[in-house]
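Take a look at the structure set out below.
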Amino acid sequence: MADENGKSGGLKTAVAGLGDHLRNSQVWNSIFRPGSPMRADNQDSPRNRAYVVMNNVLYHLHPVKVKRHGVKVSYVLCLGGLSFFLFILLTITGIFLMFYYRPTSPQAYFDLQALATDVAFGQLVRNMHRWGAHLMVLTVFLHMTRVFYHGAYKPPREFNWVVGIILLLLTLLLSFTGYLLPWDQLALWAVTVGSNMAAYTPVFGEQVSFALIGGVQITADTLLRWYVLHVLFLPFIITIFMAVHFWRVRKDGGISGPL
Amino acid sequence: MAELPESLIKRAAQARAQADGRPYDVVLAEMKGEAPPEAAAPAAAPAAAAAPAAGGGPVRDLDAESSQFGVPRGLLERAMFARAKADGTPVPAMAGAGAPAAPAGGGGVAAPAAAPAAPAAPSGPPPGVRTQRLLTVVKANAIQGTTKEPTDKVNVWPHLLAIEFVALLAMLALLTLMSVFIDAPLLEFANFNEQPNPSKAPWYFLGLQELLAYFDPQVAGVIIPGFGLAALAFIPYIDRNPSVRPSDRKFAIAIFTVFVMAASVLTIFGSFFRGPGFNFTFPWRDGIFFDDLKTILE
Ligand code: HEM
């Protein structure tokens with residue numbers, strides 16, 4: 001018994017020693033900059049709390065300090081942040097799906113069938129991508145309403161509201177272009193109904209519809225076109241607008257309010 | 001010279017008294033240029049005559065000059081050394097109290113030694129001479145104006161980041177649970193020749209599709225969403241009311257709430273209350289025609 005205890009104690013100290021050694025190494029300290037709680041010598045102090053943000057890539061998103069009411073969950077309800085988080089999740093799961101998906105007819109459909117049966121966690125990731133997309137539409141919309149009710153679009157934030165509307169539009173377009181990709185009856189006819197509405201545009205409705213679906217009616221060409229829009233073009237554009245959006249949140253003086 | 005505030009003089013006197021080990025009221029009186037309270041020997045005076053000229057040069061009585069011209073003794077002394085150095089003449093011998101303090105950078109050749117053994121007189125200026133002048137009085141405001149009102153702020157780490165992290169985990173948990181239990185729909189292979197009935201747009205467009213049931217396609221499909229979107233985008237430029245207090249913005253809030261409610265009701269209506277032919281149904285009577293959720297409904 002005693003011997004065993006001694007042994008495990010020895011192992012414990014050895015592991016702890018290794019940990020200390022690692023956390024004091026040059027490699028470790030080159031990764032975690034001063035102020036990081038990951039560092040061995042870190043102490044909790046106002047200065048180091050500032051450094052956690054300032055000495056970090058986080059500084060691109062957050063200032064060192066924010067108004068006290070801005071961290072109340074009841075103020076922003078985390079909706080903007082959650083929209084952004086969902087976008088990141090969608091990017092990750094989307095890249096996973098791209099490994100198993102070909103945007104041609106009929107492979108697209110069969111690839112998704114195979115995903116459910118042949119790929120480890122394939123169906124789970126597909127589910128996350130789909131429900132995440134629906135949730136993102138929801139959170140972005142709710143974020144917009146929270147911004148409105150706080151009057152957070154008033155000067156100097158007018159333009160950021162407009163950027164926000166563009167983000168809403170891009171979110172809808174991302175979701176809509178993704179909707180066609182399974183190439184099943186739901187996808188085909190939902191998109192048909194949706195893009196028929198665009199054809200009602202006065203004067204140049206036909207042209208709008210033609211450009212949108214790449215022809216006079218939905219075909220396999222539409223699939224390719226929407227795939228490229230969905231995985232490349234729209235994410236690229238929305239990323240740029242998000243960068244502007246976050247930048248303006250900070251430059252306009254941080255979170256608005258309090259009421 | 002501006003009048004020194006009484007409180008400053010008192011503070012200076014206190015400090016000086018402490019440093020020199022002399023009684024406070026003597027020092028204070030001295031600083032104010034008044035007669036000392038009791039017959040405390042007028043400080044440096046008797047020593048004045050003592051020092052003989054060392055090098056035979058001119059003799060200067062700096063204390064006397066200082067009180068005559070109102071220039072601090074230290075400055076006179078420095079000027080004297082500088083002049084001597086520049087002209088290459090010997091430093092004049094000094095009469096008067098107070099062996100000169102080692103002149104900063106004065107560089108006179110052994111000159112200070114020339115003023116010997118004056119009896120240890122209190123250092124400091126003679127009565128009535130002030131050694132500093134008041135250049136300006138800075139008001140309570142800082143010189144540098146700050147435009148920002150101080151606000152109550154907290155560190156992003158840990159206060160905000162902790163909350164964000166929890167929110168992120170909660171969302172991840174919700175999404176994962178949802179995805180474990182509900183499969184994304186995958187219906188039959190796309191068939192151009194067989195339109196399902198009803199055909200519905202994705203749910204976020206069902207509000208618009210619902211409008212199509214009431215209005216001409218051009219109105220419902222293009223004009224209403226087009227103008228609606230433009231109106232949304234221009235809200236900050238239309239609503240010029242600067243207040244963010246809900247009680248000041250009743251009209252704006254009413255309009256926006258009507259918009260949100262209308263969008264929600266139309267969307268729910270289009271999703272759950274429309275059946276074959278996009279005709280009205282009751283979901284509890286005829287079932288739900290909403291393929292996005294087909295996998296749970298079955
Ligand atoms: C992809 C979509 C979007 C993302 C990722 C996003 C993200 C964010 C984030 C993280 C914030 C910080 C405060 C918060 O979390 O509420 C914010 C603020 C803001 N957003 Fe968005 N947003 C999006 C869409 C929108 C939309 C649709 C609107 C309005 C039409 C909008 C207007 C604003 C405004 C005006 C602010 C400043 C609010 C304040 O200072 O209180 N955003 N956004």
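Chain labels A, B, ... are given in the sequence in which chains occur in the structure tokens; within each chain residues are numbered consecutively from 1, and ligands are likewise numbered from 1 in the order shown.
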
**OP:** For region 197-211 of chain A, please output as a PyMOL selection string all residues within 6 Å (counting only C-alpha atoms; exclusion window: fewer than 2 positions along the same chain).
**Re:** (chain A and resi 194-195+213-216) or (chain B and resi 218+221-222)

How close does each residue of chain B get to chain A, giving the shortest atom pair and distance in Å to one decimal for every residue with an atom at most 7 Å away, counting only C-alpha atoms, sorted by chain and residue number, as a tab-separated table?
```
residue	atom	partner	partner_atom	distance
B:Thr151	CA	A:Lys67	CA	6.9
B:Asp152	CA	A:Arg68	CA	5.8
B:Lys153	CA	A:Lys67	CA	4.3
B:Val154	CA	A:Lys65	CA	5.3
B:Asn155	CA	A:Lys65	CA	4.4
B:Val156	CA	A:Lys65	CA	5.1
B:Trp157	CA	A:Arg49	CA	5.7
B:Leu160	CA	A:Val71	CA	5.5
B:Leu168	CA	A:Leu82	CA	6.8
B:Leu175	CA	A:Met128	CA	6.3
B:Thr176	CA	A:Met128	CA	6.6
B:Ser179	CA	A:Asn127	CA	5.0
B:Val180	CA	A:Leu124	CA	6.3
B:Asp183	CA	A:Asn127	CA	5.8
B:Ala184	CA	A:Asn127	CA	5.1
B:Leu186	CA	A:Asp184	CA	6.4
B:Leu187	CA	A:Asp184	CA	5.5
B:Glu188	CA	A:Asp184	CA	5.5
B:Phe189	CA	A:Asp184	CA	4.4
B:Ala190	CA	A:Asp184	CA	4.2
B:Asn191	CA	A:Gln185	CA	6.4
B:Gln195	CA	A:Trp189	CA	6.9
B:Ser199	CA	A:Trp189	CA	6.0
B:Lys200	CA	A:Ala190	CA	5.3
B:Ala201	CA	A:Ala190	CA	4.1
B:Pro202	CA	A:Ala190	CA	6.0
B:Pro217	CA	A:Tyr200	CA	6.4
B:Gln218	CA	A:Tyr200	CA	5.3
B:Gly221	CA	A:Met197	CA	5.1
B:Val222	CA	A:Thr201	CA	5.6
B:Ala233	CA	A:Val162	CA	5.3
B:Pro236	CA	A:Glu158	CA	5.2
B:Pro242	CA	A:Lys154	CA	6.8
B:Val244	CA	A:Gly151	CA	5.1
B:Arg245	CA	A:Leu259	CA	5.8
B:Ile253	CA	A:Tyr149	CA	6.9
```

Which residues of chain B come within 10 Å of ligand 1, and what is each one's closest atom pair and distance in Å (one decimal), counting only C-alpha atoms and all ligand atoms, sorted by chain and residue number, as a Markdown table?
```
| residue | atom | partner | partner_atom_place_in_ligand_line | distance |
| --- | --- | --- | --- | --- |
| B:Glu164 | CA | ligand 1 | 15 (O) | 9.7 |
| B:Leu229 | CA | ligand 1 | 30 (C) | 9.9 |
| B:Leu232 | CA | ligand 1 | 30 (C) | 7.4 |
| B:Ala233 | CA | ligand 1 | 30 (C) | 7.0 |
| B:Phe234 | CA | ligand 1 | 30 (C) | 9.8 |
| B:Ile235 | CA | ligand 1 | 30 (C) | 9.2 |
| B:Pro236 | CA | ligand 1 | 35 (C) | 9.3 |
```

Let's have the selection written as a PDB file, in the first residue's frame, with N, CA, C and O atoms.
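Result written to again19.pdb:
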```pdb
ATOM      1  N   GLU B 164     -18.969  35.789 -22.558  1.00  0.00           N
ATOM      2  CA  GLU B 164     -19.007  35.372 -23.962  1.00  0.00           C
ATOM      3  C   GLU B 164     -18.714  33.888 -24.093  1.00  0.00           C
ATOM      4  O   GLU B 164     -19.339  33.193 -24.899  1.00  0.00           O
ATOM      5  N   LEU B 229     -37.128  46.868 -47.166  1.00  0.00           N
ATOM      6  CA  LEU B 229     -35.695  46.795 -46.912  1.00  0.00           C
ATOM      7  C   LEU B 229     -35.073  48.189 -46.934  1.00  0.00           C
ATOM      8  O   LEU B 229     -34.256  48.547 -46.071  1.00  0.00           O
ATOM      9  N   LEU B 232     -35.999  49.976 -43.814  1.00  0.00           N
ATOM     10  CA  LEU B 232     -35.183  49.476 -42.704  1.00  0.00           C
ATOM     11  C   LEU B 232     -33.804  50.122 -42.718  1.00  0.00           C
ATOM     12  O   LEU B 232     -33.312  50.612 -41.703  1.00  0.00           O
ATOM     13  N   ALA B 233     -33.186  50.098 -43.909  1.00  0.00           N
ATOM     14  CA  ALA B 233     -31.815  50.599 -44.010  1.00  0.00           C
ATOM     15  C   ALA B 233     -31.753  52.085 -43.677  1.00  0.00           C
ATOM     16  O   ALA B 233     -30.754  52.570 -43.144  1.00  0.00           O
ATOM     17  N   PHE B 234     -32.834  52.808 -43.980  1.00  0.00           N
ATOM     18  CA  PHE B 234     -32.787  54.262 -43.793  1.00  0.00           C
ATOM     19  C   PHE B 234     -33.310  54.718 -42.439  1.00  0.00           C
ATOM     20  O   PHE B 234     -33.389  55.917 -42.185  1.00  0.00           O
ATOM     21  N   ILE B 235     -33.669  53.759 -41.601  1.00  0.00           N
ATOM     22  CA  ILE B 235     -34.218  54.126 -40.277  1.00  0.00           C
ATOM     23  C   ILE B 235     -33.387  55.206 -39.567  1.00  0.00           C
ATOM     24  O   ILE B 235     -33.939  56.201 -39.107  1.00  0.00           O
ATOM     25  N   PRO B 236     -32.053  55.065 -39.501  1.00  0.00           N
ATOM     26  CA  PRO B 236     -31.295  56.059 -38.727  1.00  0.00           C
ATOM     27  C   PRO B 236     -31.392  57.466 -39.326  1.00  0.00           C
ATOM     28  O   PRO B 236     -31.210  58.444 -38.607  1.00  0.00           O
TER      29      PRO B 236
END
```

**OP:** Quick one: everything within 8 Å of region 262-271 of chain B, counting only C-alpha atoms, minus sequence neighbours fewer than 5 positions away in the same chain. Send it as a list in words.
**Re:**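 Result of the neighbour search: Trp203, Tyr204, Phe205, Leu206, Gly207, Leu208, Gln209, Glu210, Leu211, Phe289 and Phe290 of chain B.
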
Original post:
Can you tell me, as an MDAnalysis selection string, what residues are no more than 8 Å from Leu170 (chain A) when counting only C-alpha atoms, ignoring any on the same chain fewer than 3 positions away?
Top reply: chainID A and resid 166:167 173:174 234 238
